[in-house]
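Q: structure.cif is reproduced below (mmCIF, C-alpha atoms, pLDDT in the B column; chains and numbers go by the auth columns).
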```cif
data_run
#
loop_
_atom_site.group_PDB
_atom_site.id
_atom_site.type_symbol
_atom_site.label_atom_id
_atom_site.label_comp_id
_atom_site.label_asym_id
_atom_site.label_seq_id
_atom_site.Cartn_x
_atom_site.Cartn_y
_atom_site.Cartn_z
_atom_site.B_iso_or_equiv
_atom_site.auth_seq_id
_atom_site.auth_asym_id
ATOM 1 C CA MET A 1 92.110 -217.394 -37.522 77.00 1 B
ATOM 2 C CA LYS A 2 95.551 -215.798 -37.447 81.00 2 B
ATOM 3 C CA PHE A 3 97.142 -214.447 -40.605 83.00 3 B
ATOM 4 C CA GLN A 4 100.488 -213.088 -41.703 78.00 4 B
ATOM 5 C CA ALA A 5 100.915 -210.566 -44.510 80.00 5 B
ATOM 6 C CA ILE A 6 104.059 -210.077 -46.593 79.00 6 B
ATOM 7 C CA ILE A 7 104.102 -206.658 -48.292 79.00 7 B
ATOM 8 C CA CYS A 8 106.611 -206.368 -51.144 77.00 8 B
ATOM 9 C CA VAL A 9 107.981 -203.031 -52.327 74.00 9 B
ATOM 10 C CA GLY A 10 110.706 -203.625 -54.890 69.00 10 B
ATOM 11 C CA ALA A 11 113.462 -205.634 -53.211 65.00 11 B
ATOM 12 C CA ARG A 12 112.066 -204.906 -49.740 70.00 12 B
ATOM 13 C CA ALA A 13 109.630 -207.148 -47.892 72.00 13 B
ATOM 14 C CA TYR A 14 107.636 -206.241 -44.776 75.00 14 B
ATOM 15 C CA THR A 15 105.967 -208.857 -42.568 77.00 15 B
ATOM 16 C CA VAL A 16 102.882 -208.085 -40.476 78.00 16 B
ATOM 17 C CA ASN A 17 101.175 -210.512 -38.079 78.00 17 B
ATOM 18 C CA LEU A 18 97.395 -210.358 -37.622 79.00 18 B
ATOM 19 C CA GLY A 19 96.138 -212.039 -34.457 74.00 19 B
ATOM 20 C CA GLU A 20 92.879 -213.831 -33.748 75.00 20 B
ATOM 21 C CA ASP A 21 91.570 -210.733 -31.942 72.00 21 B
ATOM 22 C CA LEU A 22 90.918 -209.127 -35.331 77.00 22 B
ATOM 23 C CA GLN A 23 88.487 -211.979 -36.042 81.00 23 B
ATOM 24 C CA PHE A 24 89.214 -212.510 -39.711 83.00 24 B
ATOM 25 C CA LYS A 25 87.531 -215.616 -41.079 83.00 25 B
ATOM 26 C CA HIS A 26 89.220 -215.551 -44.479 85.00 26 B
ATOM 27 C CA ALA A 27 92.553 -214.440 -45.906 85.00 27 B
ATOM 28 C CA LEU A 28 90.709 -212.072 -48.247 88.00 28 B
ATOM 29 C CA ASP A 29 89.303 -210.159 -45.246 87.00 29 B
ATOM 30 C CA ALA A 30 92.823 -209.718 -43.854 85.00 30 B
ATOM 31 C CA LEU A 31 94.085 -208.612 -47.262 86.00 31 B
ATOM 32 C CA LYS A 32 91.388 -205.947 -47.548 86.00 32 B
ATOM 33 C CA PHE A 33 92.148 -204.723 -44.018 83.00 33 B
ATOM 34 C CA ILE A 34 95.826 -204.201 -44.811 81.00 34 B
ATOM 35 C CA ARG A 35 95.232 -202.786 -48.273 81.00 35 B
ATOM 36 C CA GLU A 36 92.760 -200.200 -46.999 80.00 36 B
ATOM 37 C CA GLY A 37 95.231 -199.068 -44.339 76.00 37 B
ATOM 38 C CA LEU A 38 98.063 -198.666 -46.826 73.00 38 B
ATOM 39 C CA LEU A 39 95.920 -196.887 -49.397 68.00 39 B
ATOM 40 C CA THR A 40 94.708 -194.332 -46.848 69.00 40 B
ATOM 41 C CA ASP A 41 98.001 -192.636 -46.030 67.00 41 B
ATOM 42 C CA GLY A 42 100.704 -195.280 -46.400 70.00 42 B
ATOM 43 C CA VAL A 43 100.251 -196.342 -42.771 70.00 43 B
ATOM 44 C CA PHE A 44 99.020 -199.687 -41.502 70.00 44 B
ATOM 45 C CA SER A 45 97.985 -200.120 -37.849 69.00 45 B
ATOM 46 C CA ASN A 46 97.096 -203.396 -36.169 67.00 46 B
ATOM 47 C CA ASP A 47 94.745 -202.068 -33.472 63.00 47 B
ATOM 48 C CA GLY A 48 97.587 -200.609 -31.438 64.00 48 B
ATOM 49 C CA LYS A 49 99.696 -203.777 -31.431 67.00 49 B
ATOM 50 C CA GLU A 50 101.686 -203.110 -34.574 69.00 50 B
ATOM 51 C CA ALA A 51 102.127 -200.122 -36.855 73.00 51 B
ATOM 52 C CA LEU A 52 103.891 -199.852 -40.196 72.00 52 B
ATOM 53 C CA GLU A 53 104.473 -196.894 -42.479 72.00 53 B
ATOM 54 C CA ILE A 54 105.626 -197.462 -46.040 70.00 54 B
ATOM 55 C CA ASN A 55 106.964 -194.375 -47.728 65.00 55 B
ATOM 56 C CA CYS A 56 105.274 -195.138 -51.026 60.00 56 B
ATOM 57 C CA LEU A 57 101.543 -194.788 -50.296 56.00 57 B
ATOM 58 C CA ASP A 58 99.848 -197.168 -52.732 54.00 58 B
ATOM 59 C CA LYS A 59 103.038 -197.907 -54.684 68.00 59 B
ATOM 60 C CA TYR A 60 103.607 -201.378 -53.243 72.00 60 B
ATOM 61 C CA ASP A 61 104.146 -204.304 -55.619 75.00 61 B
ATOM 62 C CA SER A 62 102.193 -207.018 -53.864 79.00 62 B
ATOM 63 C CA ILE A 63 100.579 -208.148 -50.625 81.00 63 B
ATOM 64 C CA ARG A 64 100.496 -211.852 -49.795 78.00 64 B
ATOM 65 C CA VAL A 65 98.383 -213.133 -46.893 83.00 65 B
ATOM 66 C CA VAL A 66 98.874 -216.624 -45.455 79.00 66 B
ATOM 67 C CA GLU A 67 97.530 -218.383 -42.390 79.00 67 B
ATOM 68 C CA TRP A 68 99.787 -218.017 -39.360 74.00 68 B
ATOM 69 C CA VAL A 69 100.045 -221.278 -37.397 71.00 69 B
ATOM 70 C CA ASP A 70 101.493 -222.493 -34.147 67.00 70 B
ATOM 71 C CA MET A 71 104.469 -224.816 -34.290 59.00 71 B
ATOM 72 C CA PRO A 72 103.512 -228.436 -35.040 59.00 72 B
ATOM 73 C CA GLN A 73 104.733 -230.757 -32.297 57.00 73 B
ATOM 74 C CA LEU A 74 106.635 -233.994 -32.751 53.00 74 B
ATOM 75 C CA PRO A 75 105.284 -237.095 -30.990 51.00 75 B
ATOM 76 C CA ALA A 76 107.471 -238.733 -28.332 44.00 76 B
ATOM 77 C CA VAL A 77 110.811 -237.285 -29.459 41.00 77 B
ATOM 78 C CA GLU A 78 112.755 -234.369 -28.024 43.00 78 B
ATOM 79 C CA PRO A 79 113.424 -231.704 -30.693 41.00 79 B
ATOM 80 C CA ALA A 80 116.931 -230.982 -31.894 42.00 80 B
ATOM 81 C CA GLU A 81 118.528 -227.760 -30.738 45.00 81 B
ATOM 82 C CA ALA A 82 118.311 -224.744 -33.013 40.00 82 B
ATOM 83 C CA ASP A 83 120.737 -224.848 -35.948 43.00 83 B
ATOM 84 C CA GLN A 84 121.740 -228.375 -35.021 43.00 84 B
ATOM 85 C CA VAL A 85 120.769 -231.827 -36.216 44.00 85 B
ATOM 86 C CA THR A 86 122.244 -234.445 -33.921 40.00 86 B
ATOM 87 C CA GLU A 87 123.430 -237.879 -34.960 42.00 87 B
ATOM 88 C CA GLY A 88 122.477 -240.960 -33.036 40.00 88 B
ATOM 89 C CA ALA A 89 119.675 -243.432 -32.635 47.00 89 B
ATOM 90 C CA LYS A 90 116.859 -240.997 -33.355 75.00 90 B
ATOM 91 C CA GLU A 91 114.706 -241.771 -36.347 84.00 91 B
ATOM 92 C CA TYR A 92 113.692 -238.139 -36.742 87.00 92 B
ATOM 93 C CA ALA A 93 114.038 -234.723 -35.112 86.00 93 B
ATOM 94 C CA LEU A 94 112.733 -231.188 -35.462 86.00 94 B
ATOM 95 C CA ALA A 95 115.306 -228.531 -36.329 87.00 95 B
ATOM 96 C CA ASN A 96 114.542 -224.870 -35.658 88.00 96 B
ATOM 97 C CA ILE A 97 116.497 -222.382 -37.760 89.00 97 B
ATOM 98 C CA ALA A 98 116.210 -218.775 -36.604 86.00 98 B
ATOM 99 C CA GLY A 99 117.008 -215.605 -38.534 87.00 99 B
ATOM 100 C CA PHE A 100 118.210 -217.156 -41.791 91.00 100 B
ATOM 101 C CA ASN A 101 118.476 -214.347 -44.339 89.00 101 B
ATOM 102 C CA TYR A 102 116.625 -215.090 -47.575 91.00 102 B
ATOM 103 C CA LEU A 103 114.925 -212.757 -50.071 83.00 103 B
ATOM 104 C CA ALA A 104 116.156 -209.753 -48.073 80.00 104 B
ATOM 105 C CA GLN A 105 114.360 -210.760 -44.874 82.00 105 B
ATOM 106 C CA PRO A 106 115.053 -213.054 -41.913 85.00 106 B
ATOM 107 C CA MET A 107 113.381 -216.447 -42.023 88.00 107 B
ATOM 108 C CA ASP A 108 112.511 -218.564 -38.991 90.00 108 B
ATOM 109 C CA VAL A 109 112.123 -222.108 -40.263 92.00 109 B
ATOM 110 C CA SER A 110 111.099 -225.365 -38.634 91.00 110 B
ATOM 111 C CA LEU A 111 111.869 -228.537 -40.533 92.00 111 B
ATOM 112 C CA LEU A 112 111.406 -232.215 -39.922 91.00 112 B
ATOM 113 C CA VAL A 113 114.667 -234.145 -40.277 90.00 113 B
ATOM 114 C CA TYR A 114 114.374 -237.863 -41.021 90.00 114 B
ATOM 115 C CA TYR A 115 117.442 -240.124 -40.794 88.00 115 B
ATOM 116 C CA ALA A 116 116.963 -242.308 -43.873 83.00 116 B
ATOM 117 C CA SER A 117 120.386 -243.897 -43.284 80.00 117 B
ATOM 118 C CA ASN A 118 123.623 -243.204 -41.431 79.00 118 B
ATOM 119 C CA ASP A 119 124.825 -240.882 -44.178 84.00 119 B
ATOM 120 C CA HIS A 120 121.609 -239.488 -45.652 86.00 120 B
ATOM 121 C CA LYS A 121 118.940 -237.214 -44.204 89.00 121 B
ATOM 122 C CA VAL A 122 115.578 -236.202 -45.597 90.00 122 B
ATOM 123 C CA LEU A 123 114.543 -232.608 -44.865 93.00 123 B
ATOM 124 C CA MET A 124 110.893 -231.592 -44.887 93.00 124 B
ATOM 125 C CA PRO A 125 109.944 -227.949 -44.140 93.00 125 B
ATOM 126 C CA SER A 126 106.922 -227.516 -41.888 92.00 126 B
ATOM 127 C CA VAL A 127 106.729 -223.858 -40.776 90.00 127 B
ATOM 128 C CA ILE A 128 108.218 -220.665 -42.223 91.00 128 B
ATOM 129 C CA ASN A 129 107.881 -217.406 -40.286 87.00 129 B
ATOM 130 C CA GLY A 130 104.943 -218.729 -38.311 84.00 130 B
ATOM 131 C CA SER A 131 103.009 -219.938 -41.375 86.00 131 B
ATOM 132 C CA HIS A 132 102.649 -223.296 -43.083 87.00 132 B
ATOM 133 C CA ALA A 133 105.623 -223.818 -45.396 90.00 133 B
ATOM 134 C CA HIS A 134 103.183 -225.093 -48.012 86.00 134 B
ATOM 135 C CA GLY A 135 101.864 -221.998 -49.751 83.00 135 B
ATOM 136 C CA TYR A 136 104.002 -219.483 -47.858 86.00 136 B
ATOM 137 C CA MET A 137 105.951 -218.762 -51.032 86.00 137 B
ATOM 138 C CA SER A 138 106.517 -220.475 -54.357 86.00 138 B
ATOM 139 C CA GLU A 139 107.640 -224.100 -54.368 87.00 139 B
ATOM 140 C CA LYS A 140 110.845 -223.070 -56.130 88.00 140 B
ATOM 141 C CA ASN A 141 111.708 -220.589 -53.367 89.00 141 B
ATOM 142 C CA VAL A 142 110.896 -223.075 -50.599 91.00 142 B
ATOM 143 C CA VAL A 143 113.209 -225.634 -52.196 90.00 143 B
ATOM 144 C CA GLU A 144 115.987 -223.079 -52.680 92.00 144 B
ATOM 145 C CA LEU A 145 115.619 -221.916 -49.070 93.00 145 B
ATOM 146 C CA MET A 146 115.892 -225.507 -47.828 93.00 146 B
ATOM 147 C CA HIS A 147 119.009 -226.173 -49.879 93.00 147 B
ATOM 148 C CA LYS A 148 120.680 -223.034 -48.539 93.00 148 B
ATOM 149 C CA ILE A 149 119.795 -223.948 -44.945 93.00 149 B
ATOM 150 C CA ALA A 150 120.997 -227.537 -45.440 92.00 150 B
ATOM 151 C CA GLN A 151 124.410 -226.496 -46.703 91.00 151 B
ATOM 152 C CA GLN A 152 125.016 -223.184 -44.920 91.00 152 B
ATOM 153 C CA ARG A 153 123.458 -223.819 -41.500 90.00 153 B
ATOM 154 C CA LEU A 154 123.324 -227.595 -41.135 90.00 154 B
ATOM 155 C CA GLN A 155 126.652 -228.123 -42.924 89.00 155 B
ATOM 156 C CA LEU A 156 125.325 -230.988 -45.042 90.00 156 B
ATOM 157 C CA THR A 157 127.009 -231.994 -48.299 89.00 157 B
ATOM 158 C CA PRO A 158 124.896 -232.059 -51.492 88.00 158 B
ATOM 159 C CA ASP A 159 124.892 -235.860 -51.579 87.00 159 B
ATOM 160 C CA GLY A 160 124.051 -236.156 -47.890 88.00 160 B
ATOM 161 C CA TYR A 161 120.441 -235.027 -47.942 89.00 161 B
ATOM 162 C CA THR A 162 117.203 -234.816 -49.920 90.00 162 B
ATOM 163 C CA VAL A 163 114.578 -232.088 -49.687 91.00 163 B
ATOM 164 C CA LEU A 164 111.085 -233.577 -49.630 91.00 164 B
ATOM 165 C CA LEU A 165 107.984 -231.384 -49.833 90.00 165 B
ATOM 166 C CA TYR A 166 104.831 -232.531 -48.103 89.00 166 B
ATOM 167 C CA PRO A 167 101.900 -231.950 -50.507 85.00 167 B
ATOM 168 C CA GLY A 168 99.949 -229.664 -48.203 86.00 168 B
ATOM 169 C CA PRO A 169 100.121 -227.952 -44.799 87.00 169 B
ATOM 170 C CA ILE A 170 101.575 -230.185 -42.073 87.00 170 B
ATOM 171 C CA THR A 171 98.915 -230.278 -39.381 83.00 171 B
ATOM 172 C CA ASP A 172 99.672 -233.774 -38.076 84.00 172 B
ATOM 173 C CA MET A 173 103.322 -234.595 -37.384 84.00 173 B
ATOM 174 C CA GLU A 174 102.642 -238.322 -37.070 85.00 174 B
ATOM 175 C CA ASP A 175 101.198 -238.333 -40.567 87.00 175 B
ATOM 176 C CA ALA A 176 104.222 -236.398 -41.873 88.00 176 B
ATOM 177 C CA ILE A 177 106.618 -238.873 -40.235 87.00 177 B
ATOM 178 C CA GLU A 178 104.729 -241.833 -41.711 88.00 178 B
ATOM 179 C CA TYR A 179 104.942 -240.121 -45.086 89.00 179 B
ATOM 180 C CA LEU A 180 108.734 -239.849 -44.696 87.00 180 B
ATOM 181 C CA ARG A 181 109.012 -243.498 -43.656 86.00 181 B
ATOM 182 C CA GLU A 182 107.094 -244.611 -46.725 85.00 182 B
ATOM 183 C CA TRP A 183 109.205 -242.420 -48.998 84.00 183 B
ATOM 184 C CA ALA A 184 112.457 -243.768 -47.511 81.00 184 B
ATOM 185 C CA THR A 185 111.248 -247.374 -47.821 80.00 185 B
ATOM 186 C CA TYR A 186 110.397 -247.028 -51.485 75.00 186 B
ATOM 187 C CA ARG A 187 113.593 -245.082 -52.167 68.00 187 B
ATOM 188 C CA ASP A 188 115.796 -247.784 -50.639 57.00 188 B
ATOM 189 C CA SER A 189 113.961 -250.573 -52.458 48.00 189 B
ATOM 190 C CA GLY A 190 114.436 -248.911 -55.836 44.00 190 B
ATOM 191 C CA TYR A 191 110.724 -248.441 -56.509 38.00 191 B
ATOM 192 C CA VAL A 192 109.195 -245.104 -57.472 37.00 192 B
ATOM 193 C CA PHE A 193 107.382 -243.605 -54.504 36.00 193 B
ATOM 194 C CA ALA A 194 103.703 -243.086 -55.337 37.00 194 B
ATOM 195 C CA PRO A 195 101.534 -243.031 -52.204 38.00 195 B
ATOM 196 C CA LYS A 196 97.819 -243.559 -52.657 38.00 196 B
ATOM 197 C CA ARG A 197 96.652 -240.239 -51.205 42.00 197 B
ATOM 198 C CA LYS A 198 99.522 -237.876 -51.956 47.00 198 B
ATOM 199 C CA ASN A 199 102.322 -237.202 -54.407 49.00 199 B
ATOM 200 C CA ALA A 200 105.858 -236.732 -53.119 51.00 200 B
ATOM 201 C CA LYS A 201 108.205 -234.153 -54.561 58.00 201 B
ATOM 202 C CA ALA A 202 111.845 -234.816 -53.769 61.00 202 B
ATOM 203 C CA PHE A 203 114.667 -232.426 -54.503 59.00 203 B
ATOM 204 C CA HIS A 204 118.118 -233.904 -54.073 53.00 204 B
ATOM 205 C CA GLY A 205 121.462 -232.267 -53.256 51.00 205 B
ATOM 206 C CA TRP A 206 122.133 -228.933 -54.868 47.00 206 B
ATOM 207 C CA ASN A 207 125.077 -226.583 -55.299 44.00 207 B
ATOM 208 C CA GLU A 208 124.560 -222.840 -55.453 43.00 208 B
ATOM 209 C CA LYS A 209 125.886 -221.378 -58.677 41.00 209 B
ATOM 210 C CA GLU A 210 128.330 -218.512 -58.363 34.00 210 B
#
```
Please re-express this file's structure in structure tokens.
A:
Amino acid sequence: MKFQAIICVGARAYTVNLGEDLQFKHALDALKFIREGLLTDGVFSNDGKEALEINCLDKYDSIRVVEWVDMPQLPAVEPAEADQVTEGAKEYALANIAGFNYLAQPMDVSLLVYYASNDHKVLMPSVINGSHAHGYMSEKNVVELMHKIAQQRLQLTPDGYTVLLYPGPITDMEDAIEYLREWATYRDSGYVFAPKRKNAKAFHGWNEKE
């Protein structure tokens, strides 16, 4: 398995990728590997592929390890260009947002965009910095990140989109798209969306407070 570690030192965050060649079976093994390297002399080395020195020795605040995944693929639809969601006859598209600054570090985000109507889109994050969006950071931060991307990068108005969180890692795009279809159907009919297997969490338009 591949893992990604986010090391927090005050307001700074450092990201380290751990490939399959290190043969970690669990996130805890990857965490111990990084922690032992940092506690030794403040230096972490990824078997010659990546090295990091933190000028604080063991004075870091936290280390978070998450599974690092390959980009989920959409079935039978060409993806939208980076930083662009195109209008038209498409029911859905995949938007790739590169280098969006959030929490003092660049974020590469892939999100599923579903065209619920001509003037309303549903945005569902799938991958953040190579890891599943679900569990990469707190739900509150994921939602805030999506709102900022929607309004600052995609130029959507607060009433023109809804952020919908998939209740788990997206490993099957067809299932995620069906989930969006069901949510949009119930939303348009006025019924509360309550799928049998999952619970939807929708976060509607939002304005950043000054």
Q: I need the residue nearest B:Arg181 from this list: B:Val122, B:Ala104, B:Val16, B:Ile7. Use only C-alpha atoms for the distance.
A: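 Among the listed residues, the smallest separation from B:Arg181 belongs to B:Val122.
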Q: Can you pull out the residues contacting B:Tyr161? Cut-off 9 Å, using only C-alpha atoms, and skip same-chain residues under 4 positions away; I want them as an mmCIF file with C-alpha atoms, in the frame of the given file.
A:
```
data_model
loop_
_atom_site.group_PDB
_atom_site.id
_atom_site.type_symbol
_atom_site.label_atom_id
_atom_site.label_comp_id
_atom_site.auth_asym_id
_atom_site.auth_seq_id
_atom_site.Cartn_x
_atom_site.Cartn_y
_atom_site.Cartn_z
ATOM 1 C CA ASP B 119 124.825 -240.882 -44.178
ATOM 2 C CA HIS B 120 121.609 -239.488 -45.652
ATOM 3 C CA LYS B 121 118.940 -237.214 -44.204
ATOM 4 C CA VAL B 122 115.578 -236.202 -45.597
ATOM 5 C CA LEU B 123 114.543 -232.608 -44.865
ATOM 6 C CA ALA B 150 120.997 -227.537 -45.440
ATOM 7 C CA LEU B 156 125.325 -230.988 -45.042
ATOM 8 C CA THR B 157 127.009 -231.994 -48.299
ATOM 9 C CA HIS B 204 118.118 -233.904 -54.073
ATOM 10 C CA GLY B 205 121.462 -232.267 -53.256
#
```
Q: Identify the residues within 10 Å of coordinate (100.0, -220.1, -49.1) (same frame as the file), considering all atoms listed in the file, and give the answer as a list in words.
A: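 The residues that fall inside the cut-off are Ala27, Arg64, Val65, Val66, Glu67, Trp68, Ser131, His132, Ala133, His134, Gly135, Tyr136, Met137, Ser138, Gly168 and Pro169 of chain B.
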Q: Determine the nearest neighbour of B:Leu112 from the options B:Ala95, B:Cys8, B:Ala30, B:Val143, counting only C-alpha atoms.
A: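 Ranked by minimum distance to B:Leu112, first place goes to B:Ala95.
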Q: Between atom CA of B:Glu182 and atom CA of B:Gln151, measure the distance and give it in Å to one decimal.
A: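 Pair atom CA of B:Glu182 / atom CA of B:Gln151 returns 25.1 Å.
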Q: Between atom CA of B:Gln155 and atom CA of B:Ser126, measure the distance and give it in Å to one decimal.
A: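 Result for atom CA of B:Gln155 versus atom CA of B:Ser126: 19.8 Å, one decimal.
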Q: If you measure from atom CA of B:Val9 to atom CA of B:Met124, what distance in Å do you get, rounded to one decimal?
A: 29.7 Å
Q: Which residue out of B:Lys148, B:Ala51, B:Val142, B:Thr185 has the minimum interatomic distance to B:Ala116 when only C-alpha atoms are used?
A: B:Thr185
Q: With a distance cut-off of 12 Å and only C-alpha atoms, select the neighbouring residues of B:Ile97, excluding the residue or stretch itself and same-chain residues fewer than 2 positions from it, and output the selection as a ChimeraX atom specification.
A: /B:80-85,94-95,99-101,106-112,125-129,145-146,148-150,152-154
Q: Please evaluate the PyMOL selection byres ((chain B and resi 12) around 12) against the displayed coordinates and give the resulting residues as JSON, numbers by chain.
A: {"B": [6, 7, 8, 9, 10, 11, 13, 14, 15, 54, 55, 56, 60, 61, 62, 63, 102, 103, 104, 105, 106]}
Q: Choose the residue, out of B:Ala5, B:Glu53, B:Gly130, B:Ala176, that has the smallest atom-to-atom separation from B:Leu38; count only C-alpha atoms.
A: B:Glu53
